[in-house]
>>> print(open('target_19.cif').read())   # mmCIF, C-alpha atoms
data_my_file
#
loop_
_atom_site.label_atom_id
_atom_site.label_comp_id
_atom_site.auth_asym_id
_atom_site.auth_seq_id
_atom_site.Cartn_x
_atom_site.Cartn_y
_atom_site.Cartn_z
CA MET A 221 -47.37 -64.78 25.31
CA LYS A 222 -46.75 -61.10 24.65
CA LEU A 223 -45.79 -61.48 21.02
CA LYS A 224 -45.66 -58.38 18.86
CA GLY A 225 -45.48 -60.36 15.63
CA ARG A 226 -48.15 -62.23 13.72
CA VAL A 227 -49.41 -65.73 14.54
CA HIS A 228 -51.23 -67.91 11.99
CA PHE A 229 -52.90 -71.26 12.68
CA GLN A 230 -53.20 -73.92 9.96
CA GLU A 231 -51.43 -71.53 7.59
CA PRO A 232 -51.05 -72.85 3.99
CA MET A 233 -47.33 -73.04 3.31
CA GLU A 234 -47.93 -72.53 -0.40
CA HIS A 235 -48.18 -68.84 0.51
CA HIS A 236 -44.67 -68.90 1.95
CA THR A 237 -42.60 -70.75 -0.66
CA THR A 238 -41.50 -69.69 -4.13
CA TRP A 239 -42.69 -73.07 -5.47
CA ARG A 240 -46.18 -72.13 -4.23
CA ILE A 241 -46.49 -75.64 -2.81
CA GLY A 242 -47.13 -76.97 0.68
CA GLY A 243 -49.81 -78.03 3.14
CA PRO A 244 -50.66 -76.13 6.34
CA ALA A 245 -48.25 -75.30 9.12
CA GLU A 246 -49.82 -76.13 12.48
CA VAL A 247 -48.64 -72.72 13.67
CA LEU A 248 -46.69 -70.14 11.68
CA VAL A 249 -45.22 -67.16 13.51
CA GLU A 250 -43.60 -64.05 12.06
CA PRO A 251 -41.61 -62.48 14.92
CA ALA A 252 -41.51 -58.69 15.03
CA ASP A 253 -38.02 -58.49 16.52
CA GLN A 254 -35.28 -60.46 18.26
CA GLU A 255 -37.15 -60.28 21.56
CA ASP A 256 -40.10 -62.03 19.93
CA LEU A 257 -37.78 -64.68 18.53
CA ALA A 258 -36.18 -65.37 21.92
CA LEU A 259 -39.66 -65.69 23.44
CA LEU A 260 -40.66 -68.25 20.80
CA LEU A 261 -37.51 -70.28 21.37
CA ARG A 262 -38.13 -70.39 25.12
CA LEU A 263 -41.75 -71.46 24.57
CA ALA A 264 -40.81 -74.21 22.13
CA ARG A 265 -38.16 -75.55 24.48
CA LYS A 266 -40.47 -75.44 27.51
CA GLU A 267 -43.43 -77.10 25.77
CA GLY A 268 -41.46 -79.47 23.53
CA ILE A 269 -42.89 -77.94 20.36
CA PRO A 270 -41.18 -78.98 17.09
CA LEU A 271 -39.55 -75.90 15.59
CA ASN A 272 -38.60 -75.03 12.02
CA PHE A 273 -37.22 -71.81 10.55
CA ILE A 274 -37.82 -70.44 7.08
CA GLY A 275 -36.93 -67.26 5.23
CA ASN A 276 -38.43 -66.48 1.84
CA GLY A 277 -38.99 -70.19 1.16
CA SER A 278 -36.99 -70.07 -2.06
CA ASN A 279 -35.15 -73.38 -1.64
CA LEU A 280 -37.85 -75.38 0.05
CA LEU A 281 -40.29 -78.19 -0.73
CA VAL A 282 -43.01 -78.46 1.91
CA SER A 283 -45.00 -81.65 2.30
CA ASP A 284 -48.62 -81.79 1.13
CA ALA A 285 -49.40 -82.96 4.67
CA GLY A 286 -48.07 -79.70 6.07
CA VAL A 287 -45.73 -79.11 8.98
CA PRO A 288 -46.40 -80.16 12.59
CA GLY A 289 -45.38 -77.84 15.40
CA MET A 290 -44.22 -74.29 14.84
CA VAL A 291 -42.77 -72.67 11.75
CA VAL A 292 -40.93 -69.41 12.43
CA LYS A 293 -40.69 -67.15 9.41
CA ILE A 294 -37.79 -64.70 9.50
CA GLY A 295 -39.24 -61.91 7.36
CA GLN A 296 -38.94 -58.21 6.64
CA ALA A 297 -39.55 -57.28 10.29
CA LEU A 298 -36.07 -58.71 10.90
CA GLY A 299 -34.64 -57.16 7.75
CA GLU A 300 -33.22 -53.76 8.70
CA VAL A 301 -30.30 -52.69 6.49
CA LYS A 302 -27.43 -50.27 7.15
CA VAL A 303 -24.61 -49.26 4.81
CA GLU A 304 -21.39 -48.09 6.46
CA GLY A 305 -18.52 -47.41 4.07
CA ARG A 306 -17.82 -50.61 2.17
CA ARG A 307 -19.77 -52.73 4.64
CA LEU A 308 -23.45 -53.60 4.50
CA ARG A 309 -25.09 -54.87 7.67
CA ALA A 310 -28.54 -56.42 7.41
CA GLY A 311 -31.07 -58.49 9.28
CA ALA A 312 -31.57 -62.06 8.15
CA GLY A 313 -35.03 -61.29 6.76
CA ALA A 314 -33.77 -58.77 4.18
CA LYS A 315 -34.26 -59.96 0.61
CA LEU A 316 -31.23 -60.26 -1.65
CA ALA A 317 -32.86 -58.09 -4.33
CA ARG A 318 -33.16 -55.21 -1.88
CA LEU A 319 -29.58 -55.63 -0.68
CA ALA A 320 -28.22 -55.67 -4.23
CA ALA A 321 -30.14 -52.50 -5.07
CA LEU A 322 -28.92 -50.69 -1.94
CA ALA A 323 -25.34 -51.78 -2.60
CA GLN A 324 -25.52 -50.51 -6.17
CA ALA A 325 -26.91 -47.15 -5.06
CA ALA A 326 -24.05 -46.85 -2.54
CA GLY A 327 -21.44 -47.66 -5.19
CA LEU A 328 -20.60 -51.10 -3.80
CA SER A 329 -19.89 -54.20 -5.88
CA GLY A 330 -20.06 -57.86 -4.90
CA LEU A 331 -23.76 -58.71 -4.90
CA GLU A 332 -24.45 -58.52 -8.63
CA PHE A 333 -24.53 -62.32 -8.86
CA THR A 334 -27.57 -62.40 -6.55
CA CYS A 335 -29.84 -60.65 -9.07
CA GLY A 336 -32.82 -62.91 -9.63
CA ILE A 337 -32.18 -65.15 -6.60
CA PRO A 338 -35.46 -64.85 -4.64
CA ALA A 339 -33.91 -65.58 -1.24
CA SER A 340 -33.64 -63.74 2.04
CA LEU A 341 -30.18 -63.01 3.41
CA GLY A 342 -30.29 -65.52 6.27
CA GLY A 343 -31.25 -68.43 4.05
CA ALA A 344 -28.74 -67.40 1.40
CA VAL A 345 -25.91 -67.44 3.94
CA VAL A 346 -26.95 -70.75 5.51
CA MET A 347 -26.90 -72.52 2.13
CA ASN A 348 -24.07 -70.39 0.70
CA ALA A 349 -26.23 -69.40 -2.25
CA GLY A 350 -24.42 -68.61 -5.44
CA ALA A 351 -24.44 -68.31 -9.20
CA ALA A 352 -21.97 -68.01 -12.08
CA GLY A 353 -19.05 -69.16 -9.93
CA GLN A 354 -19.67 -66.69 -7.10
CA SER A 355 -21.26 -67.24 -3.71
CA MET A 356 -22.13 -65.58 -0.41
CA ALA A 357 -18.91 -66.96 1.12
CA GLU A 358 -16.95 -64.29 -0.76
CA VAL A 359 -18.73 -61.35 0.89
CA VAL A 360 -19.75 -62.52 4.41
CA ARG A 361 -17.64 -60.92 7.15
CA TRP A 362 -19.58 -62.17 10.17
CA VAL A 363 -22.93 -63.63 11.16
CA LYS A 364 -24.87 -62.99 14.36
CA VAL A 365 -26.86 -66.04 15.49
CA MET A 366 -29.20 -66.99 18.33
CA ASP A 367 -29.15 -70.50 19.79
CA LEU A 368 -32.20 -72.35 21.06
CA GLU A 369 -31.58 -71.03 24.57
CA GLY A 370 -31.89 -67.46 23.31
CA ARG A 371 -28.16 -66.73 23.58
CA VAL A 372 -26.59 -64.54 20.90
CA GLU A 373 -23.08 -64.86 19.48
CA ILE A 374 -21.11 -63.75 16.45
CA LEU A 375 -19.41 -66.19 14.08
CA ARG A 376 -16.67 -64.85 11.82
CA GLY A 377 -16.65 -65.73 8.15
CA GLU A 378 -13.73 -68.13 8.57
CA GLU A 379 -15.70 -70.05 11.24
CA LEU A 380 -18.64 -70.75 8.94
CA GLY A 381 -17.09 -73.64 7.00
CA PHE A 382 -18.40 -72.45 3.66
CA GLY A 383 -18.39 -74.92 0.78
CA TYR A 384 -20.43 -75.53 -2.32
CA ARG A 385 -24.02 -74.85 -1.19
CA GLN A 386 -23.12 -75.55 2.40
CA SER A 387 -22.02 -74.00 5.68
CA VAL A 388 -21.73 -75.14 9.29
CA LEU A 389 -24.92 -73.17 9.95
CA GLN A 390 -26.84 -76.06 8.37
CA HIS A 391 -25.73 -78.29 11.23
CA LEU A 392 -25.83 -75.92 14.23
CA PRO A 393 -28.93 -75.45 16.43
CA VAL A 394 -29.02 -71.71 15.73
CA VAL A 395 -31.01 -69.16 13.74
CA VAL A 396 -29.32 -66.33 11.82
CA LEU A 397 -30.19 -62.86 13.07
CA GLU A 398 -27.88 -60.50 11.24
CA VAL A 399 -25.08 -60.55 8.69
CA GLU A 400 -22.30 -58.12 7.82
CA LEU A 401 -21.09 -58.14 4.23
CA GLU A 402 -17.85 -56.60 3.00
CA LEU A 403 -18.12 -55.26 -0.54
CA CYS A 404 -15.89 -53.37 -2.98
CA PRO A 405 -16.27 -49.68 -3.90
CA ASP A 406 -17.15 -49.24 -7.56
CA ASP A 407 -18.90 -46.89 -9.96
CA PRO A 408 -22.69 -47.22 -9.39
CA ALA A 409 -23.32 -47.13 -13.14
CA ALA A 410 -20.88 -50.00 -13.73
CA VAL A 411 -22.50 -52.05 -10.96
CA ALA A 412 -25.93 -51.35 -12.47
CA ARG A 413 -24.77 -52.55 -15.89
CA ARG A 414 -23.50 -55.82 -14.43
CA MET A 415 -26.74 -56.32 -12.51
CA THR A 416 -28.75 -55.78 -15.69
CA ALA A 417 -26.57 -58.27 -17.57
CA VAL A 418 -27.05 -60.91 -14.85
CA TRP A 419 -30.82 -60.36 -14.82
CA GLN A 420 -31.10 -60.51 -18.61
CA LYS A 421 -29.13 -63.76 -18.72
CA ARG A 422 -31.44 -65.28 -16.10
CA GLN A 423 -34.48 -64.27 -18.11
CA LEU A 424 -33.06 -65.95 -21.20
CA THR A 425 -31.91 -69.16 -19.57
CA GLN A 426 -34.29 -69.78 -16.65
CA PRO A 427 -38.08 -70.32 -16.49
CA LEU A 428 -38.80 -67.27 -14.36
CA GLU A 429 -42.39 -67.15 -15.62
CA TYR A 430 -43.33 -70.12 -13.41
CA PRO A 431 -43.06 -70.72 -9.65
CA SER A 432 -39.95 -72.75 -8.84
CA ALA A 433 -37.28 -73.24 -6.21
CA GLY A 434 -34.38 -72.45 -8.53
CA SER A 435 -31.87 -75.22 -9.10
CA VAL A 436 -33.19 -78.50 -7.73
CA PHE A 437 -29.93 -80.48 -7.77
CA LYS A 438 -26.34 -79.66 -6.84
CA ASN A 439 -23.79 -79.77 -9.63
CA PRO A 440 -21.80 -83.01 -9.12
CA PRO A 441 -18.02 -82.55 -8.75
CA GLY A 442 -15.89 -83.39 -11.75
CA ALA A 443 -18.87 -83.76 -14.07
CA PRO A 444 -21.04 -81.58 -16.32
CA ALA A 445 -23.60 -79.36 -14.58
CA ALA A 446 -26.70 -81.10 -13.23
CA GLY A 447 -28.93 -79.40 -15.79
CA LYS A 448 -26.77 -80.66 -18.66
CA LEU A 449 -26.77 -84.21 -17.29
CA ILE A 450 -30.57 -84.16 -16.98
CA GLU A 451 -30.92 -82.84 -20.50
CA LEU A 452 -28.59 -85.49 -21.95
CA ALA A 453 -30.46 -88.19 -20.02
CA GLY A 454 -33.73 -87.13 -21.65
CA GLY A 455 -35.29 -85.45 -18.64
CA LYS A 456 -36.29 -82.11 -20.18
CA GLY A 457 -40.05 -81.65 -20.32
CA LEU A 458 -40.74 -84.66 -18.07
CA ARG A 459 -44.01 -84.05 -16.23
CA VAL A 460 -45.96 -85.44 -13.29
CA GLY A 461 -49.29 -83.77 -12.60
CA GLU A 462 -48.74 -80.01 -12.62
CA ALA A 463 -44.98 -80.28 -12.00
CA MET A 464 -42.60 -80.27 -14.95
CA VAL A 465 -38.86 -80.37 -15.63
CA SER A 466 -38.43 -77.09 -17.45
CA PRO A 467 -37.72 -77.29 -21.19
CA LYS A 468 -35.74 -74.06 -20.77
CA HIS A 469 -33.44 -75.25 -17.96
CA ALA A 470 -33.46 -78.91 -16.95
CA ASN A 471 -32.33 -78.26 -13.38
CA PHE A 472 -35.58 -76.40 -12.68
CA ILE A 473 -38.82 -78.13 -11.77
CA VAL A 474 -41.66 -75.65 -12.30
CA ASN A 475 -45.17 -75.48 -10.92
CA LEU A 476 -47.54 -75.18 -13.88
CA GLY A 477 -50.48 -74.33 -11.66
CA ARG A 478 -51.50 -76.59 -8.78
CA ALA A 479 -48.52 -78.92 -8.46
CA ARG A 480 -48.28 -80.99 -5.28
CA ALA A 481 -45.17 -81.79 -3.31
CA THR A 482 -45.79 -85.43 -4.25
CA ASP A 483 -45.56 -84.51 -7.93
CA VAL A 484 -42.26 -82.72 -7.42
CA LEU A 485 -40.82 -85.53 -5.31
CA CYS A 486 -41.77 -88.03 -8.00
CA LEU A 487 -40.00 -85.93 -10.65
CA ILE A 488 -36.92 -85.67 -8.45
CA ARG A 489 -36.80 -89.47 -8.16
CA ARG A 490 -37.35 -89.98 -11.88
CA VAL A 491 -34.63 -87.51 -12.81
CA GLN A 492 -32.20 -89.13 -10.38
CA SER A 493 -32.96 -92.54 -11.91
CA LEU A 494 -32.48 -91.29 -15.48
CA VAL A 495 -29.14 -89.65 -14.75
CA GLU A 496 -27.87 -92.56 -12.67
CA ALA A 497 -28.83 -95.07 -15.37
CA LYS A 498 -27.08 -93.11 -18.13
CA PHE A 499 -24.03 -91.69 -16.32
CA GLY A 500 -23.70 -93.60 -13.04
CA ILE A 501 -24.09 -90.34 -11.10
CA LYS A 502 -26.62 -89.93 -8.26
CA LEU A 503 -27.71 -86.30 -8.26
CA GLU A 504 -28.02 -84.77 -4.80
CA PRO A 505 -30.93 -82.41 -4.19
CA GLU A 506 -30.04 -78.82 -3.42
CA VAL A 507 -33.56 -78.05 -2.18
CA LYS A 508 -34.53 -78.74 1.42
CA PHE A 509 -37.56 -80.77 2.50
CA LEU A 510 -39.92 -79.71 5.28
CA GLY A 511 -42.68 -81.82 6.81
CA PRO A 512 -43.41 -85.56 6.61
CA PHE A 513 -42.47 -87.20 3.30
CA GLY A 514 -43.37 -90.84 2.91
CA TRP A 515 -42.20 -92.55 -0.26
CA ASP A 516 -44.15 -95.10 -2.26
CA GLY A 517 -42.72 -96.15 -5.62
CA GLU A 518 -46.27 -96.54 -6.90
CA ILE A 519 -46.60 -92.75 -6.81
CA CYS A 520 -44.44 -92.63 -9.94
CA ALA A 521 -46.11 -95.49 -11.76
#
>>> encode(input="target_19.cif", output="structure tokens")
Amino acid sequence: MKLKGRVHFQEPMEHHTTWRIGGPAEVLVEPADQEDLALLLRLARKEGIPLNFIGNGSNLLVSDAGVPGMVVKIGQALGEVKVEGRRLRAGAGAKLARLAALAQAAGLSGLEFTCGIPASLGGAVVMNAGAAGQSMAEVVRWVKVMDLEGRVEILRGEELGFGYRQSVLQHLPVVVLEVELELCPDDPAAVARRMTAVWQKRQLTQPLEYPSAGSVFKNPPGAPAAGKLIELAGGKGLRVGEAMVSPKHANFIVNLGRARATDVLCLIRRVQSLVEAKFGIKLEPEVKFLGPFGWDGEICA
């Protein structure tokens, strides 16, 4: 294979997730460009290799056992950014923090809510990342994707079926290549002030001093926020091994040092049980799971 990107064998996934958790990927590849990506897709299809895609790993719990097959990391090599008028076009590997900073410098508003979200653009669009009542759905104009045959097409914003932390991209056999965002012209100083306010609020209300995956559970419809439900159910500060439900924000499970995926999974189950017992609500995880996860109730004994 004439790959230009980097190939890693038995690569610890803890180096590629914001939780800093995860066993080794059998093979992890960081493609250098779209040609590399198409080559990897053809190889996986031809050889029957299991294939998984990740971005910055900010919404991901990887099994302690690792990940069989190939993990393709869409990183900065696929993160070129262009600003044209009120539109910002970027590769899927571009980080939201960089996009927000470039938008602010260009006098464009609409990405302030992303401050502090440690995601790449592709992953943020796939899960329709959001905060404070705003989400990516409001700014996405179109998405360029590649299917598993290497074919490229463009999906318009209205075709993406955006909903609360969801999009049709979660169910299609495609990988995001590029996204065009439509933003609003504004005074750069005003945009900067709003970004600072968002960041300061995150620092006050979220445990940013520890590795985490952000919000673990989706907010249930027609009920208080997941974090509030967990707090009222007595889940704050609950701990298994080196994983803990944050005392600062109950919808965060933080890694105190060397937490395992098993520890986090156990906490997820315990929190679900607490909330269901008190309120009759089964919290749905917002985080995604990668790799083999067996479940034994004795783990939480």
>>> resolve_selection(input="target_19.cif", expression="the PyMOL selection byres ((chain A and resi 232) around 8)", output="list in words")
Gln230, Glu231, Met233, Glu234, His235, His236, Gly242, Gly243, Pro244, Ala245 and Gly286 of chain A
>>> residues_around(input="target_19.cif", residues="region 324-338 of chain A", least_positions_apart="5", cutoff="8 Å", atoms="all atoms listed in the file", output="PyMOL selection string")
chain A and resi 238+276+278+303+306+315-317+319+350-352+354-355+359+403-408+411-412+414-415+418-419+422+434
>>> resolve_selection(input="target_19.cif", expression="the PyMOL selection byres ((chain A and resi 507-510) around 6)", output="VMD selection string")
chain A and resid 279 to 282 436 505 to 506 511
>>> closest_residue(input="target_19.cif", among="A:Ala323, A:Leu487, A:Ala357, A:Met347", to="His391 (chain A)", atoms="only C-alpha atoms")
A:Met347
>>> closest_residue(input="target_19.cif", among="A:Lys468, A:Glu462, A:Arg490, A:Lys498", to="Leu449 (chain A)", atoms="only C-alpha atoms")
A:Lys498
>>> residues_near_point(input="target_19.cif", point="(-40.5, -79.1, -12.5)", cutoff="10 Å", atoms="all atoms listed in the file", output="NGL selection string")
:A and (239 or 427 or 430-434 or 436 or 456-467 or 469-476 or 479 or 483-485 or 487-488)
>>> atom_distance(input="target_19.cif", atom1="CA of Ile374 (chain A)", atom2="CA of Leu248 (chain A)")
26.8 Å
>>> atom_distance(input="target_19.cif", atom1="CA of Ala264 (chain A)", atom2="CA of Gly277 (chain A)")
21.4 Å
>>> atom_distance(input="target_19.cif", atom1="CA of Arg226 (chain A)", atom2="CA of Asp256 (chain A)")
10.2 Å
>>> resolve_selection(input="target_19.cif", expression="the PyMOL selection byres ((chain A and resi 344-346) around 7)", output="list in words")
Ala339, Ser340, Leu341, Gly342, Gly343, Met347, Asn348, Ala349, Met356, Gln386, Ser387, Leu389 and Gln390 of chain A
>>> closest_residue(input="target_19.cif", among="A:Lys293, A:Leu271, A:Gln254, A:Glu398", to="Val227 (chain A)", atoms="all atoms listed in the file")
A:Lys293
>>> axis_aligned_box(input="target_19.cif", around="region 268-284 of chain A", padding_each_side="5 Å", output="JSON")
{"center_x": -41.9, "center_y": -74.1, "center_z": 10.7, "size_x": 23.5, "size_y": 25.3, "size_z": 35.6}
>>> closest_residue(input="target_19.cif", among="A:His228, A:Met290, A:Gly370, A:Gly295", to="Leu257 (chain A)", atoms="all atoms listed in the file")
A:Gly370
>>> closest_residue(input="target_19.cif", among="A:Ala310, A:Leu380, A:Val495, A:Leu261", to="Leu452 (chain A)", atoms="only C-alpha atoms")
A:Val495
>>> closest_residue(input="target_19.cif", among="A:Glu400, A:Glu358, A:Glu246, A:Glu304", to="Asn272 (chain A)", atoms="only C-alpha atoms")
A:Glu246
